[in-house]
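Below: the structure, in C-alpha cells.
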Amino acid sequence: MEGQKKKIGFLITGGPYTFEHLDTAYHLSKAALKKGYGVSIFLYLDAVVALNKNIKSPGERHIPSMFKELADEGARIVACGDCAHFRGLTRDLLVEGTRLTGIATLAEIIEECNRFITLGMGE
Amino acid sequence: MEGQKKKIGFLITGGPYTFEHLDTAYHLSKAALKKGYGVSIFLYLDAVVALNKNIKSPGERHIPSMFKELADEGARIVACGDCAHFRGLTRDLLVEGTRLTGIATLAEIIEECNRFITLGMGE
Amino acid sequence: MRALFLFSRTPNQENIRFLKKLIDSSDCVVFIQNGVYIAKHNIELECQNYVLEPDAEARGIKINSNSVDYIRLVDLIMEFDKVVTI
Amino acid sequence: MRALFLFSRTPNQENIRFLKKLIDSSDCVVFIQNGVYIAKHNIELECQNYVLEPDAEARGIKINSNSVDYIRLVDLIMEFDKVVTI
Amino acid sequence: MKKVVILSTKPPYGSSINAEAFRAGLGLAFSETQVDLILIGDGVYGAIKEQSPTKLQMKPISEVYNNITDYNINLFLIEDSIQERNLDFEELAKANIISYEELKKMINNADVVLTF
Amino acid sequence: MKKVVILSTKPPYGSSINAEAFRAGLGLAFSETQVDLILIGDGVYGAIKEQSPTKLQMKPISEVYNNITDYNINLFLIEDSIQERNLDFEELAKANIISYEELKKMINNADVVLTF
C-alpha cells in the first residue's frame, strides 16, 4: 500500500553539469524506484537550475528530462522557491511534474521519509 | 585615447549568490574603471547565470544590475553561449548591455588586455 | 544506531582523519564520486566499507572487491539507520 | 617577470605549501576572499604580501598592517607582470 | 518530530553555503523539527562575533549566531576545529563547545543528518 | 600571440571544471593562442588512461588527454601531484612530467595564467 511504502529523501545543492550530485541522486532514485521505494527530492541552491526546461545540452545527457522521468515514475521533485528567484528561474520554465516550494516542504519530506540523504557540498 | 587605455580582463566561473567571485570581480572592476582602465569580463560555467534579468533578490544585492552598471560604465561583459544553453539562459533574458559569445571572444579579450585574472574555482 | 557514511570528496589526510573520528565498527562507509580515489591509498577502516562501482569505473579506478552498484547501495541505505554525507 | 598571486581559498597546509613552491622574492601575494584567514596563522613568505581589507573586515579578521583596498589591489595588478590565482 | 543534526562545514563568506545551512535549519525549526546546528571545520569561522561585510554588500551571518537562542536552534562548535584555526574562544559567539566524541554521540541520537 | 598557461586543479568528474578547462584551452588554441595545459593537484587524475563514465552518461575526458597532440595543446603533469596520489606513470596518458621548479619557469615565461 502507498502509505506504507518506504521512502528515501534527498537534499541536493550542487548545480547541473557543474557538479555530479544531481547525477548521483538520479541514479540512486532510479534504483530506489525499481526496488519499490518512494522517492522525494528537494533541490536547493544551484541545484534548482536543473528543472529549467530551456536547458539545451547537445551531445550530453539532458538533466531536466532525467528529473521529469523520475517525476513520471512517481518521485516527488520540488525546488526551493527563494533559490529559484535568486537564479532567475521562473515558474513557467519548470519542467513538467515539478514545482517550487519552501523549507516547510523540506521539513515535511524529512518527516515522511525513512532515510534522508544530502548530496552536494561542492568540491 | 581609447586605443591606448590599459585594460584588465577577467574570467569568472563561480555562480551568483553561491560564490563570491562575481562580487570580487565587480568591486575590482569598479576600482579599475575609476582609475581609467578598461575592463572586459568573460563569464564561464555557472557565472553566466549572473546575467539573467529575471533574478529577484529581495533584501540582497542584485548581481545582474551590478553587471549592467559595469556595462553602462564602459566595461565589456560577455558570457559563454554554450554554458548558457546548458543552464537554460536564453538570449532574451540577458541583462541590457551584455551578450553571449564563444571562446574565440575569450581569446580576443586575453589578447587585448594588459592583465588577465581568473576568479572562481569554487571552494 | 548504525550509520552509513557517504564519502564523496577526493580523499586527503584531513578528511580521512575526520572520517576515522566519526565511525565505529558497527558503521559502514561507501566511497562515491571522487571518494573512489581512496582505492589508490592504503587506508584501514574499522568498519565495513565499499566503493561505488560506476563512479570508480568512470575514473579508471580498479576495484578488486568491495564494490557496490546503485541497487546494492540502496539496500545498504535501508539496512543502516541513517545516512551521513561527508 | 614578477607575478602577483591571488590566494582566494581557506589556507591549509597543502595550499600554503603549494604557494611557497611557486613564489620567489620578487613576487607578491594578495590574500583575498577566504584566503584572508591567513592572518590567523604564523606564515612567513619570502615576498611582499597583503590582505584584501574588505574581505578581512567581512570575516572579522583584524589586520595590523599590510592591508590593501580594491584601488590599491588594482595598482598592484598593474605593477606586476601577470596575475596568478591559486 | 524528528531530530535533525546539521553539519555546517563551509566558511561564512566566499560561498553562501554556511548562510544557507542556517536558513535550512531555521525553516526546519519553524516547522517544529528539533535542530542542532554544528559548525565544524571551516564552518567555525562563522562564529567569529564581529563580522562586517557591508563593503561586500552582504549581511553578517554573525548576527544570527550571536543571537542563536532567538531562533530555536541549538548551536555547537567543534573544539578541534577552533584550535586548528587558531581562533580564541573569546572572539566567538556563545555556543556549546564539543569534541568529536560528543559529535559522534549526537549523530548516533539524530534521526537525520544534513551536511552543508 | 600570447602564451597562456592553464592550471587545471580539479579531478575529471565530480565537477565539470577539468573538462571545461580543456574546452577553454581548445578554443584558445583554435584562436592561435599558444596553450600549455598543466594538470596539477587533483587535476592529474584526469590523465588516467582508461576512464569509462558511460554508466554516468558522461564522456571520458581521457580521450582528449590520450590524444592531446591532435589538439595543438601541450600537456604537462606535475610529478609531485602524481606521486602524492600513488598513481603509476604507466596508467597515465603520455605527457610531459615536470617539477614545481619547471612549473615556476613556465609561469615566468607565460603572458597569462588561467586557473581552473
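Here, A, B, ... name the chains of the C-alpha cells in the order displayed, residue numbers run from 1 inside each chain, and ligands are numbered from 1 in the same displayed order.
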Need the shell around stretch 61-65 of chain D: protein/DNA/RNA residues with any atom at most 12 Å away, counting only C-alpha atoms. Skip same-chain ones fewer than 3 positions apart. Format as a PDB file with C-alpha atoms, in the first residue's frame?
ATOM      1  CA  PHE D  31      45.136  37.104   0.171  1.00  0.00           C
ATOM      2  CA  ILE D  32      41.527  37.640  -0.891  1.00  0.00           C
ATOM      3  CA  GLN D  33      38.160  36.040  -0.042  1.00  0.00           C
ATOM      4  CA  ASN D  34      38.689  33.103   2.362  1.00  0.00           C
ATOM      5  CA  GLY D  35      42.438  33.488   1.903  1.00  0.00           C
ATOM      6  CA  VAL D  36      42.309  36.315   4.484  1.00  0.00           C
ATOM      7  CA  TYR D  37      42.174  33.738   7.302  1.00  0.00           C
ATOM      8  CA  ILE D  38      45.926  33.504   6.709  1.00  0.00           C
ATOM      9  CA  ALA D  39      46.164  36.315   9.276  1.00  0.00           C
ATOM     10  CA  LYS D  40      45.324  33.753  11.988  1.00  0.00           C
ATOM     11  CA  HIS D  41      48.386  31.688  11.114  1.00  0.00           C
ATOM     12  CA  GLN D  48      55.763  41.042  -0.082  1.00  0.00           C
ATOM     13  CA  ASN D  49      52.217  40.071   0.798  1.00  0.00           C
ATOM     14  CA  TYR D  50      48.932  41.764   1.603  1.00  0.00           C
ATOM     15  CA  VAL D  51      45.417  41.031   2.737  1.00  0.00           C
ATOM     16  CA  LEU D  52      42.357  42.476   0.958  1.00  0.00           C
ATOM     17  CA  GLU D  53      40.817  44.666   3.636  1.00  0.00           C
ATOM     18  CA  PRO D  54      37.067  44.448   2.762  1.00  0.00           C
ATOM     19  CA  ASP D  55      37.302  40.631   2.701  1.00  0.00           C
ATOM     20  CA  ALA D  56      39.090  40.594   6.082  1.00  0.00           C
ATOM     21  CA  GLU D  57      36.640  43.053   7.633  1.00  0.00           C
ATOM     22  CA  ALA D  58      33.688  40.998   6.397  1.00  0.00           C
ATOM     23  CA  VAL D  68      45.045  46.786   0.676  1.00  0.00           C
TER      24      VAL D  68
ATOM     25  CA  TYR E  45      34.792  30.762  11.137  1.00  0.00           C
ATOM     26  CA  GLY E  46      31.086  31.602  11.008  1.00  0.00           C
ATOM     27  CA  ALA E  47      31.059  32.018  14.797  1.00  0.00           C
ATOM     28  CA  ILE E  48      33.513  34.949  14.826  1.00  0.00           C
ATOM     29  CA  LYS E  49      31.498  37.649  16.600  1.00  0.00           C
ATOM     30  CA  GLU E  50      32.461  40.847  14.817  1.00  0.00           C
ATOM     31  CA  GLN E  51      31.861  40.295  11.123  1.00  0.00           C
ATOM     32  CA  SER E  52      31.171  43.305   8.926  1.00  0.00           C
ATOM     33  CA  PRO E  53      30.538  42.523   5.247  1.00  0.00           C
ATOM     34  CA  ASN E  86      43.997  29.437  15.957  1.00  0.00           C
ATOM     35  CA  LEU E  87      40.717  31.062  16.952  1.00  0.00           C
ATOM     36  CA  ASP E  88      40.237  32.362  20.513  1.00  0.00           C
ATOM     37  CA  GLU E  91      36.184  36.089  19.762  1.00  0.00           C
ATOM     38  CA  LEU E  92      33.439  33.546  19.079  1.00  0.00           C
TER      39      LEU E  92
END
List every residue of chain A that has an atom at most 8 Å from any atom of chain F, and for each one report the closest atom pair and its distance in Å to one decimal, counting only C-alpha atoms, with rows sorted by chain and then by increasing residue number, as a tab-separated table.
residue	atom	partner	partner_atom	distance
A:Tyr17	CA	F:Ser16	CA	6.4
A:Thr18	CA	F:Ser16	CA	5.0
A:Phe19	CA	F:Ser15	CA	4.2
A:Glu20	CA	F:Gly14	CA	4.7
A:His21	CA	F:Gly14	CA	7.5
A:Asp23	CA	F:Leu56	CA	7.2
A:Glu60	CA	F:Met58	CA	6.9
A:Arg61	CA	F:Gln57	CA	6.2
A:Glu123	CA	F:Ser15	CA	7.5
List as a tab-separated table every residue of chain A that is in contact with chain B, defined as an atom at most 9 Å from one of its atoms (using only C-alpha atoms), together with the nearest atom pair and the distance in Å rounded to one decimal, sorted by chain and then rising number.
residue	atom	partner	partner_atom	distance
A:Gly15	CA	B:Asp46	CA	8.0
A:Pro16	CA	B:Arg87	CA	7.5
A:Tyr17	CA	B:Phe86	CA	7.4
A:Thr18	CA	B:Leu45	CA	7.3
A:Leu45	CA	B:Thr18	CA	7.3
A:Asp46	CA	B:Thr18	CA	7.3
A:Val49	CA	B:Arg87	CA	6.6
A:Ala50	CA	B:Arg87	CA	7.6
A:Asn52	CA	B:Gly88	CA	5.8
A:Lys53	CA	B:Gly88	CA	6.9
A:Asn54	CA	B:Gly88	CA	4.5
A:Ile55	CA	B:Gly88	CA	3.8
A:Lys56	CA	B:His85	CA	5.0
A:Ser57	CA	B:Phe86	CA	5.3
A:Pro58	CA	B:Phe86	CA	8.6
A:His62	CA	B:Phe86	CA	8.8
A:Asp82	CA	B:Ser57	CA	8.5
A:Ala84	CA	B:Ile55	CA	8.2
A:His85	CA	B:Lys56	CA	5.0
A:Phe86	CA	B:Ile55	CA	5.2
A:Arg87	CA	B:Ile55	CA	5.4
A:Gly88	CA	B:Ile55	CA	3.8
A:Leu89	CA	B:Asn54	CA	7.3
A:Thr90	CA	B:Asn54	CA	7.6
A:Leu93	CA	B:Gly88	CA	8.9
A:Gly122	CA	B:Glu123	CA	7.0
A:Glu123	CA	B:Glu123	CA	6.2
Chain E on chain F, least-squares, complete ordered Cα pairing, as a tab-separated table (two decimals) with N, CA and C atoms, in the first residue's frame:
chain	number	residue	atom	x	y	z
E	1	MET	N	51.24	36.42	-30.80
E	1	MET	CA	50.16	35.88	-29.95
E	1	MET	C	50.70	35.62	-28.54
E	2	LYS	N	49.80	35.69	-27.59
E	2	LYS	CA	50.22	35.48	-26.21
E	2	LYS	C	50.40	34.00	-25.89
E	3	LYS	N	51.25	33.78	-24.87
E	3	LYS	CA	51.43	32.41	-24.37
E	3	LYS	C	50.58	32.25	-23.12
E	4	VAL	N	49.69	31.25	-23.14
E	4	VAL	CA	48.78	31.03	-22.01
E	4	VAL	C	49.10	29.71	-21.33
E	5	VAL	N	49.26	29.75	-20.00
E	5	VAL	CA	49.40	28.53	-19.21
E	5	VAL	C	48.08	28.32	-18.46
E	6	ILE	N	47.50	27.11	-18.60
E	6	ILE	CA	46.26	26.79	-17.88
E	6	ILE	C	46.59	25.81	-16.76
E	7	LEU	N	46.27	26.20	-15.53
E	7	LEU	CA	46.42	25.28	-14.39
E	7	LEU	C	45.08	24.60	-14.16
E	8	SER	N	45.05	23.28	-14.34
E	8	SER	CA	43.80	22.52	-14.18
E	8	SER	C	43.93	21.71	-12.89
E	9	THR	N	43.22	22.16	-11.84
E	9	THR	CA	43.46	21.64	-10.49
E	9	THR	C	42.42	20.64	-10.00
E	10	LYS	N	41.34	20.42	-10.76
E	10	LYS	CA	40.23	19.62	-10.26
E	10	LYS	C	40.20	18.23	-10.91
E	11	PRO	N	39.65	17.24	-10.22
E	11	PRO	CA	39.56	15.89	-10.80
E	11	PRO	C	38.59	15.86	-11.99
E	12	PRO	N	38.68	14.82	-12.83
E	12	PRO	CA	37.96	14.82	-14.11
E	12	PRO	C	36.44	14.66	-14.01
E	13	TYR	N	35.93	14.08	-12.92
E	13	TYR	CA	34.48	14.00	-12.73
E	13	TYR	C	34.17	14.56	-11.34
E	14	GLY	N	32.90	14.52	-10.95
E	14	GLY	CA	32.54	15.13	-9.68
E	14	GLY	C	32.18	16.59	-9.94
E	15	SER	N	33.01	17.24	-10.75
E	15	SER	CA	32.63	18.53	-11.31
E	15	SER	C	33.11	18.56	-12.74
E	16	SER	N	32.57	19.49	-13.54
E	16	SER	CA	32.93	19.56	-14.96
E	16	SER	C	34.13	20.49	-15.17
E	17	ILE	N	34.74	20.96	-14.10
E	17	ILE	CA	35.76	22.01	-14.23
E	17	ILE	C	36.99	21.54	-15.00
E	18	ASN	N	37.41	20.30	-14.76
E	18	ASN	CA	38.55	19.76	-15.51
E	18	ASN	C	38.26	19.75	-17.01
E	19	ALA	N	37.08	19.26	-17.39
E	19	ALA	CA	36.71	19.21	-18.81
E	19	ALA	C	36.58	20.61	-19.40
E	20	GLU	N	36.07	21.54	-18.61
E	20	GLU	CA	35.85	22.90	-19.10
E	20	GLU	C	37.17	23.66	-19.22
E	21	ALA	N	38.15	23.30	-18.39
E	21	ALA	CA	39.49	23.89	-18.53
E	21	ALA	C	40.07	23.47	-19.88
E	22	PHE	N	39.89	22.19	-20.22
E	22	PHE	CA	40.35	21.72	-21.53
E	22	PHE	C	39.61	22.44	-22.65
E	23	ARG	N	38.27	22.57	-22.50
E	23	ARG	CA	37.47	23.20	-23.56
E	23	ARG	C	37.91	24.65	-23.79
E	24	ALA	N	38.20	25.35	-22.70
E	24	ALA	CA	38.71	26.72	-22.84
E	24	ALA	C	40.05	26.70	-23.58
E	25	GLY	N	40.93	25.77	-23.20
E	25	GLY	CA	42.24	25.66	-23.85
E	25	GLY	C	42.10	25.36	-25.34
E	26	LEU	N	41.15	24.47	-25.65
E	26	LEU	CA	40.92	24.09	-27.04
E	26	LEU	C	40.49	25.30	-27.87
E	27	GLY	N	39.57	26.07	-27.32
E	27	GLY	CA	39.10	27.28	-28.01
E	27	GLY	C	40.22	28.29	-28.20
E	28	LEU	N	41.06	28.43	-27.19
E	28	LEU	CA	42.18	29.37	-27.30
E	28	LEU	C	43.18	28.90	-28.34
E	29	ALA	N	43.48	27.58	-28.33
E	29	ALA	CA	44.43	27.04	-29.30
E	29	ALA	C	43.90	27.23	-30.72
E	30	PHE	N	42.60	27.07	-30.87
E	30	PHE	CA	41.95	27.24	-32.16
E	30	PHE	C	42.09	28.69	-32.64
E	31	SER	N	42.10	29.61	-31.66
E	31	SER	CA	42.31	31.03	-31.99
E	31	SER	C	43.79	31.38	-32.05
E	32	GLU	N	44.62	30.36	-32.19
E	32	GLU	CA	46.06	30.51	-32.40
E	32	GLU	C	46.84	31.04	-31.20
E	33	THR	N	46.25	30.94	-30.01
E	33	THR	CA	47.00	31.21	-28.79
E	33	THR	C	47.85	29.97	-28.50
E	34	GLN	N	49.06	30.17	-27.97
E	34	GLN	CA	49.87	29.01	-27.56
E	34	GLN	C	49.41	28.56	-26.18
E	35	VAL	N	48.95	27.30	-26.09
E	35	VAL	CA	48.36	26.83	-24.83
E	35	VAL	C	49.16	25.69	-24.22
E	36	ASP	N	49.63	25.89	-22.99
E	36	ASP	CA	50.21	24.82	-22.19
E	36	ASP	C	49.22	24.46	-21.10
E	37	LEU	N	48.73	23.22	-21.13
E	37	LEU	CA	47.72	22.77	-20.15
E	37	LEU	C	48.42	21.93	-19.09
E	38	ILE	N	48.31	22.35	-17.85
E	38	ILE	CA	49.03	21.67	-16.77
E	38	ILE	C	48.05	21.02	-15.82
E	39	LEU	N	48.09	19.70	-15.71
E	39	LEU	CA	47.27	19.00	-14.73
E	39	LEU	C	48.06	18.96	-13.43
E	40	ILE	N	47.47	19.52	-12.39
E	40	ILE	CA	48.18	19.72	-11.14
E	40	ILE	C	47.24	19.41	-9.98
E	41	GLY	N	47.79	18.93	-8.86
E	41	GLY	CA	46.92	18.56	-7.74
E	41	GLY	C	45.99	17.45	-8.19
E	42	ASP	N	44.71	17.53	-7.80
E	42	ASP	CA	43.75	16.51	-8.21
E	42	ASP	C	43.54	16.49	-9.72
E	43	GLY	N	43.98	17.52	-10.41
E	43	GLY	CA	43.87	17.56	-11.87
E	43	GLY	C	44.56	16.39	-12.55
E	44	VAL	N	45.63	15.85	-11.91
E	44	VAL	CA	46.36	14.74	-12.55
E	44	VAL	C	45.51	13.48	-12.70
E	45	TYR	N	44.47	13.33	-11.87
E	45	TYR	CA	43.57	12.18	-12.04
E	45	TYR	C	42.97	12.16	-13.44
E	46	GLY	N	42.89	13.32	-14.08
E	46	GLY	CA	42.35	13.40	-15.42
E	46	GLY	C	43.17	12.63	-16.44
E	47	ALA	N	44.46	12.40	-16.13
E	47	ALA	CA	45.35	11.74	-17.09
E	47	ALA	C	45.28	10.22	-17.02
E	48	ILE	N	44.52	9.65	-16.10
E	48	ILE	CA	44.38	8.19	-16.06
E	48	ILE	C	43.79	7.74	-17.40
E	49	LYS	N	44.48	6.74	-18.03
E	49	LYS	CA	44.16	6.42	-19.43
E	49	LYS	C	42.78	5.80	-19.63
E	50	GLU	N	42.45	4.84	-18.76
E	50	GLU	CA	41.24	4.04	-19.04
E	50	GLU	C	40.02	4.47	-18.26
E	51	GLN	N	39.49	5.62	-18.55
E	51	GLN	CA	38.27	6.09	-17.90
E	51	GLN	C	37.06	5.63	-18.70
E	52	SER	N	35.97	5.33	-18.00
E	52	SER	CA	34.79	4.83	-18.69
E	52	SER	C	33.51	5.28	-17.98
E	53	PRO	N	33.11	6.54	-18.21
E	53	PRO	CA	31.94	7.07	-17.50
E	53	PRO	C	30.61	6.82	-18.21
E	54	THR	N	30.53	5.74	-19.00
E	54	THR	CA	29.28	5.51	-19.75
E	54	THR	C	28.09	5.30	-18.82
E	55	LYS	N	28.30	4.61	-17.68
E	55	LYS	CA	27.18	4.40	-16.74
E	55	LYS	C	26.71	5.73	-16.14
E	56	LEU	N	27.58	6.73	-16.13
E	56	LEU	CA	27.17	8.06	-15.64
E	56	LEU	C	26.61	8.91	-16.79
E	57	GLN	N	26.53	8.33	-17.99
E	57	GLN	CA	26.07	9.04	-19.18
E	57	GLN	C	26.93	10.27	-19.48
E	58	MET	N	28.24	10.12	-19.16
E	58	MET	CA	29.16	11.22	-19.46
E	58	MET	C	30.19	10.74	-20.48
E	59	LYS	N	30.98	11.71	-20.98
E	59	LYS	CA	32.04	11.36	-21.93
E	59	LYS	C	33.38	11.29	-21.22
E	60	PRO	N	34.26	10.37	-21.64
E	60	PRO	CA	35.57	10.26	-20.98
E	60	PRO	C	36.51	11.38	-21.41
E	61	ILE	N	36.92	12.21	-20.44
E	61	ILE	CA	37.88	13.27	-20.74
E	61	ILE	C	39.24	12.66	-21.10
E	62	SER	N	39.46	11.41	-20.67
E	62	SER	CA	40.72	10.73	-21.00
E	62	SER	C	40.94	10.66	-22.51
E	63	GLU	N	39.85	10.60	-23.27
E	63	GLU	CA	40.01	10.54	-24.73
E	63	GLU	C	40.79	11.72	-25.27
E	64	VAL	N	40.55	12.90	-24.69
E	64	VAL	CA	41.29	14.06	-25.19
E	64	VAL	C	42.73	14.05	-24.68
E	65	TYR	N	42.93	13.63	-23.43
E	65	TYR	CA	44.31	13.62	-22.91
E	65	TYR	C	45.14	12.52	-23.58
E	66	ASN	N	44.48	11.39	-23.94
E	66	ASN	CA	45.20	10.32	-24.63
E	66	ASN	C	45.62	10.74	-26.04
E	67	ASN	N	44.94	11.74	-26.59
E	67	ASN	CA	45.19	12.17	-27.97
E	67	ASN	C	45.48	13.66	-28.04
E	68	ILE	N	46.17	14.16	-27.02
E	68	ILE	CA	46.31	15.61	-26.87
E	68	ILE	C	47.05	16.25	-28.04
E	69	THR	N	47.94	15.48	-28.70
E	69	THR	CA	48.69	16.07	-29.82
E	69	THR	C	47.78	16.46	-30.98
E	70	ASP	N	46.55	15.88	-31.01
E	70	ASP	CA	45.58	16.26	-32.05
E	70	ASP	C	45.06	17.68	-31.87
E	71	TYR	N	45.26	18.23	-30.69
E	71	TYR	CA	44.53	19.47	-30.34
E	71	TYR	C	45.41	20.72	-30.30
E	72	ASN	N	46.67	20.56	-30.65
E	72	ASN	CA	47.55	21.73	-30.65
E	72	ASN	C	47.72	22.34	-29.26
E	73	ILE	N	47.67	21.47	-28.25
E	73	ILE	CA	47.84	21.88	-26.86
E	73	ILE	C	48.98	21.04	-26.28
E	74	ASN	N	49.86	21.67	-25.52
E	74	ASN	CA	50.92	20.91	-24.85
E	74	ASN	C	50.45	20.50	-23.46
E	75	LEU	N	50.55	19.21	-23.14
E	75	LEU	CA	50.06	18.68	-21.87
E	75	LEU	C	51.22	18.41	-20.91
E	76	PHE	N	51.08	18.88	-19.69
E	76	PHE	CA	52.09	18.67	-18.65
E	76	PHE	C	51.43	18.12	-17.39
E	77	LEU	N	52.16	17.24	-16.70
E	77	LEU	CA	51.69	16.71	-15.41
E	77	LEU	C	52.74	17.02	-14.35
E	78	ILE	N	52.28	17.38	-13.17
E	78	ILE	CA	53.22	17.68	-12.08
E	78	ILE	C	53.61	16.39	-11.37
E	79	GLU	N	54.90	16.14	-11.32
E	79	GLU	CA	55.42	14.88	-10.78
E	79	GLU	C	54.98	14.65	-9.33
E	80	ASP	N	55.13	15.66	-8.48
E	80	ASP	CA	54.74	15.52	-7.08
E	80	ASP	C	53.26	15.16	-6.93
E	81	SER	N	52.41	15.79	-7.76
E	81	SER	CA	50.97	15.52	-7.67
E	81	SER	C	50.67	14.06	-7.99
E	82	ILE	N	51.39	13.50	-8.97
E	82	ILE	CA	51.21	12.10	-9.35
E	82	ILE	C	51.62	11.19	-8.20
E	83	GLN	N	52.79	11.49	-7.62
E	83	GLN	CA	53.31	10.62	-6.56
E	83	GLN	C	52.49	10.70	-5.28
E	84	GLU	N	52.05	11.90	-4.92
E	84	GLU	CA	51.21	12.05	-3.72
E	84	GLU	C	49.92	11.25	-3.82
E	85	ARG	N	49.46	11.02	-5.04
E	85	ARG	CA	48.20	10.29	-5.24
E	85	ARG	C	48.42	8.81	-5.56
E	86	ASN	N	49.67	8.35	-5.41
E	86	ASN	CA	50.02	6.94	-5.66
E	86	ASN	C	49.63	6.47	-7.04
E	87	LEU	N	49.73	7.35	-8.04
E	87	LEU	CA	49.45	6.93	-9.41
E	87	LEU	C	50.72	6.41	-10.05
E	88	ASP	N	50.59	5.39	-10.93
E	88	ASP	CA	51.73	4.87	-11.68
E	88	ASP	C	51.83	5.63	-12.99
E	89	PHE	N	53.06	5.93	-13.39
E	89	PHE	CA	53.23	6.64	-14.66
E	89	PHE	C	52.64	5.83	-15.82
E	90	GLU	N	52.68	4.49	-15.71
E	90	GLU	CA	52.20	3.63	-16.80
E	90	GLU	C	50.69	3.76	-17.02
E	91	GLU	N	49.95	4.12	-15.98
E	91	GLU	CA	48.49	4.20	-16.14
E	91	GLU	C	48.04	5.58	-16.65
E	92	LEU	N	49.02	6.45	-16.91
E	92	LEU	CA	48.67	7.82	-17.30
E	92	LEU	C	48.93	8.09	-18.78
E	93	ALA	N	48.17	9.00	-19.34
E	93	ALA	CA	48.38	9.44	-20.72
E	93	ALA	C	49.80	9.97	-20.88
E	94	LYS	N	50.34	9.83	-22.09
E	94	LYS	CA	51.68	10.34	-22.38
E	94	LYS	C	51.68	11.85	-22.29
E	95	ALA	N	52.54	12.38	-21.46
E	95	ALA	CA	52.58	13.85	-21.30
E	95	ALA	C	53.96	14.22	-20.76
E	96	ASN	N	54.27	15.50	-20.75
E	96	ASN	CA	55.51	15.96	-20.16
E	96	ASN	C	55.36	15.97	-18.65
E	97	ILE	N	56.25	15.26	-17.95
E	97	ILE	CA	56.21	15.24	-16.48
E	97	ILE	C	57.17	16.31	-15.98
E	98	ILE	N	56.67	17.25	-15.19
E	98	ILE	CA	57.52	18.35	-14.75
E	98	ILE	C	57.49	18.53	-13.23
E	99	SER	N	58.51	19.20	-12.73
E	99	SER	CA	58.61	19.51	-11.30
E	99	SER	C	57.99	20.89	-11.04
E	100	TYR	N	57.84	21.22	-9.76
E	100	TYR	CA	57.38	22.57	-9.41
E	100	TYR	C	58.34	23.64	-9.93
E	101	GLU	N	59.63	23.34	-9.93
E	101	GLU	CA	60.62	24.31	-10.40
E	101	GLU	C	60.38	24.61	-11.88
E	102	GLU	N	60.12	23.55	-12.65
E	102	GLU	CA	59.84	23.77	-14.07
E	102	GLU	C	58.52	24.52	-14.27
E	103	LEU	N	57.55	24.21	-13.42
E	103	LEU	CA	56.27	24.94	-13.49
E	103	LEU	C	56.50	26.43	-13.24
E	104	LYS	N	57.29	26.70	-12.22
E	104	LYS	CA	57.61	28.11	-11.89
E	104	LYS	C	58.21	28.82	-13.11
E	105	LYS	N	59.11	28.12	-13.82
E	105	LYS	CA	59.71	28.71	-15.02
E	105	LYS	C	58.66	28.96	-16.11
E	106	MET	N	57.74	27.99	-16.26
E	106	MET	CA	56.69	28.15	-17.28
E	106	MET	C	55.80	29.35	-16.95
E	107	ILE	N	55.49	29.50	-15.67
E	107	ILE	CA	54.68	30.65	-15.25
E	107	ILE	C	55.43	31.95	-15.53
E	108	ASN	N	56.72	31.93	-15.25
E	108	ASN	CA	57.55	33.10	-15.55
E	108	ASN	C	57.49	33.49	-17.02
E	109	ASN	N	57.51	32.49	-17.89
E	109	ASN	CA	57.56	32.76	-19.32
E	109	ASN	C	56.20	33.01	-19.96
E	110	ALA	N	55.12	32.74	-19.20
E	110	ALA	CA	53.78	32.90	-19.76
E	110	ALA	C	53.37	34.37	-19.76
E	111	ASP	N	52.48	34.72	-20.69
E	111	ASP	CA	51.87	36.05	-20.65
E	111	ASP	C	50.67	36.05	-19.72
E	112	VAL	N	49.92	34.94	-19.74
E	112	VAL	CA	48.67	34.85	-18.97
E	112	VAL	C	48.59	33.47	-18.34
E	113	VAL	N	48.14	33.41	-17.09
E	113	VAL	CA	47.92	32.13	-16.41
E	113	VAL	C	46.45	32.04	-16.02
E	114	LEU	N	45.77	30.99	-16.50
E	114	LEU	CA	44.37	30.76	-16.14
E	114	LEU	C	44.31	29.60	-15.14
E	115	THR	N	43.52	29.74	-14.10
E	115	THR	CA	43.42	28.68	-13.10
E	115	THR	C	42.00	28.15	-13.05
E	116	PHE	N	41.87	26.83	-13.17
E	116	PHE	CA	40.55	26.17	-13.08
E	116	PHE	C	40.59	25.15	-11.95
Between chain D and chain C, at 10 Å or less, what are the per-residue closest atom pairs and their distances in Å? Count only C-alpha atoms, order by chain and rising residue number, and return it as a Markdown table.
| residue | atom | partner | partner_atom | distance |
| --- | --- | --- | --- | --- |
| D:Asn12 | CA | C:Glu14 | CA | 9.8 |
| D:Gln13 | CA | C:Glu14 | CA | 9.9 |
| D:Glu14 | CA | C:Asn12 | CA | 9.8 |
| task | Using DSSP on the backbone coordinates, identify all residues within chain C classified as strand (DSSP E or B); present the result as a VMD selection string. | result | chain C and resid 3 to 7 28 to 31 48 to 52 67 to 68 82 to 85
Quick check: residues of chain D within 9 Å of chain F, only C-alpha atoms, returned as a tab-separated table (two decimals) with C-alpha atoms, in the first residue's frame.
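Contents of the output file result.tsv:
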chain	number	residue	atom	x	y	z
D	1	MET	CA	58.98	38.58	-14.74
D	2	ARG	CA	57.32	39.33	-11.41
D	3	ALA	CA	53.96	37.71	-10.66
D	18	PHE	CA	51.92	24.90	-2.96
D	21	LYS	CA	56.81	26.46	-4.07
D	22	LEU	CA	55.64	28.94	-6.69
D	23	ILE	CA	56.76	32.29	-5.30
D	81	ASP	CA	53.71	41.47	-14.89
D	82	LYS	CA	50.91	38.91	-14.53
D	83	VAL	CA	48.29	37.64	-12.13
D	84	VAL	CA	48.13	34.01	-10.97
D	85	THR	CA	45.10	32.84	-8.96
D	86	ILE	CA	45.56	29.87	-6.67
Shell around D:Asp24 at 9 Å using only C-alpha atoms, local window under 4 positions removed, as a tab-separated table (two decimals) with N, CA and C atoms, in the first residue's frame:
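As written to disk, around05.tsv reads:
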chain	number	residue	atom	x	y	z
D	2	ARG	N	57.81	39.40	-12.78
D	2	ARG	CA	57.32	39.33	-11.41
D	2	ARG	C	55.81	39.04	-11.45
D	20	LYS	N	54.12	28.39	-1.52
D	20	LYS	CA	55.54	28.63	-1.23
D	20	LYS	C	56.45	28.10	-2.33
D	28	CYS	N	54.65	38.85	-5.45
D	28	CYS	CA	53.76	39.46	-4.46
D	28	CYS	C	52.57	38.53	-4.27
D	45	LEU	N	56.40	34.39	4.42
D	45	LEU	CA	56.57	34.26	2.97
D	45	LEU	C	57.79	35.07	2.55
D	46	GLU	N	58.46	34.61	1.49
D	46	GLU	CA	59.70	35.29	1.12
D	46	GLU	C	59.48	36.51	0.24
D	47	CYS	N	58.21	36.85	-0.04
D	47	CYS	CA	57.96	38.04	-0.85
D	47	CYS	C	56.93	38.93	-0.15
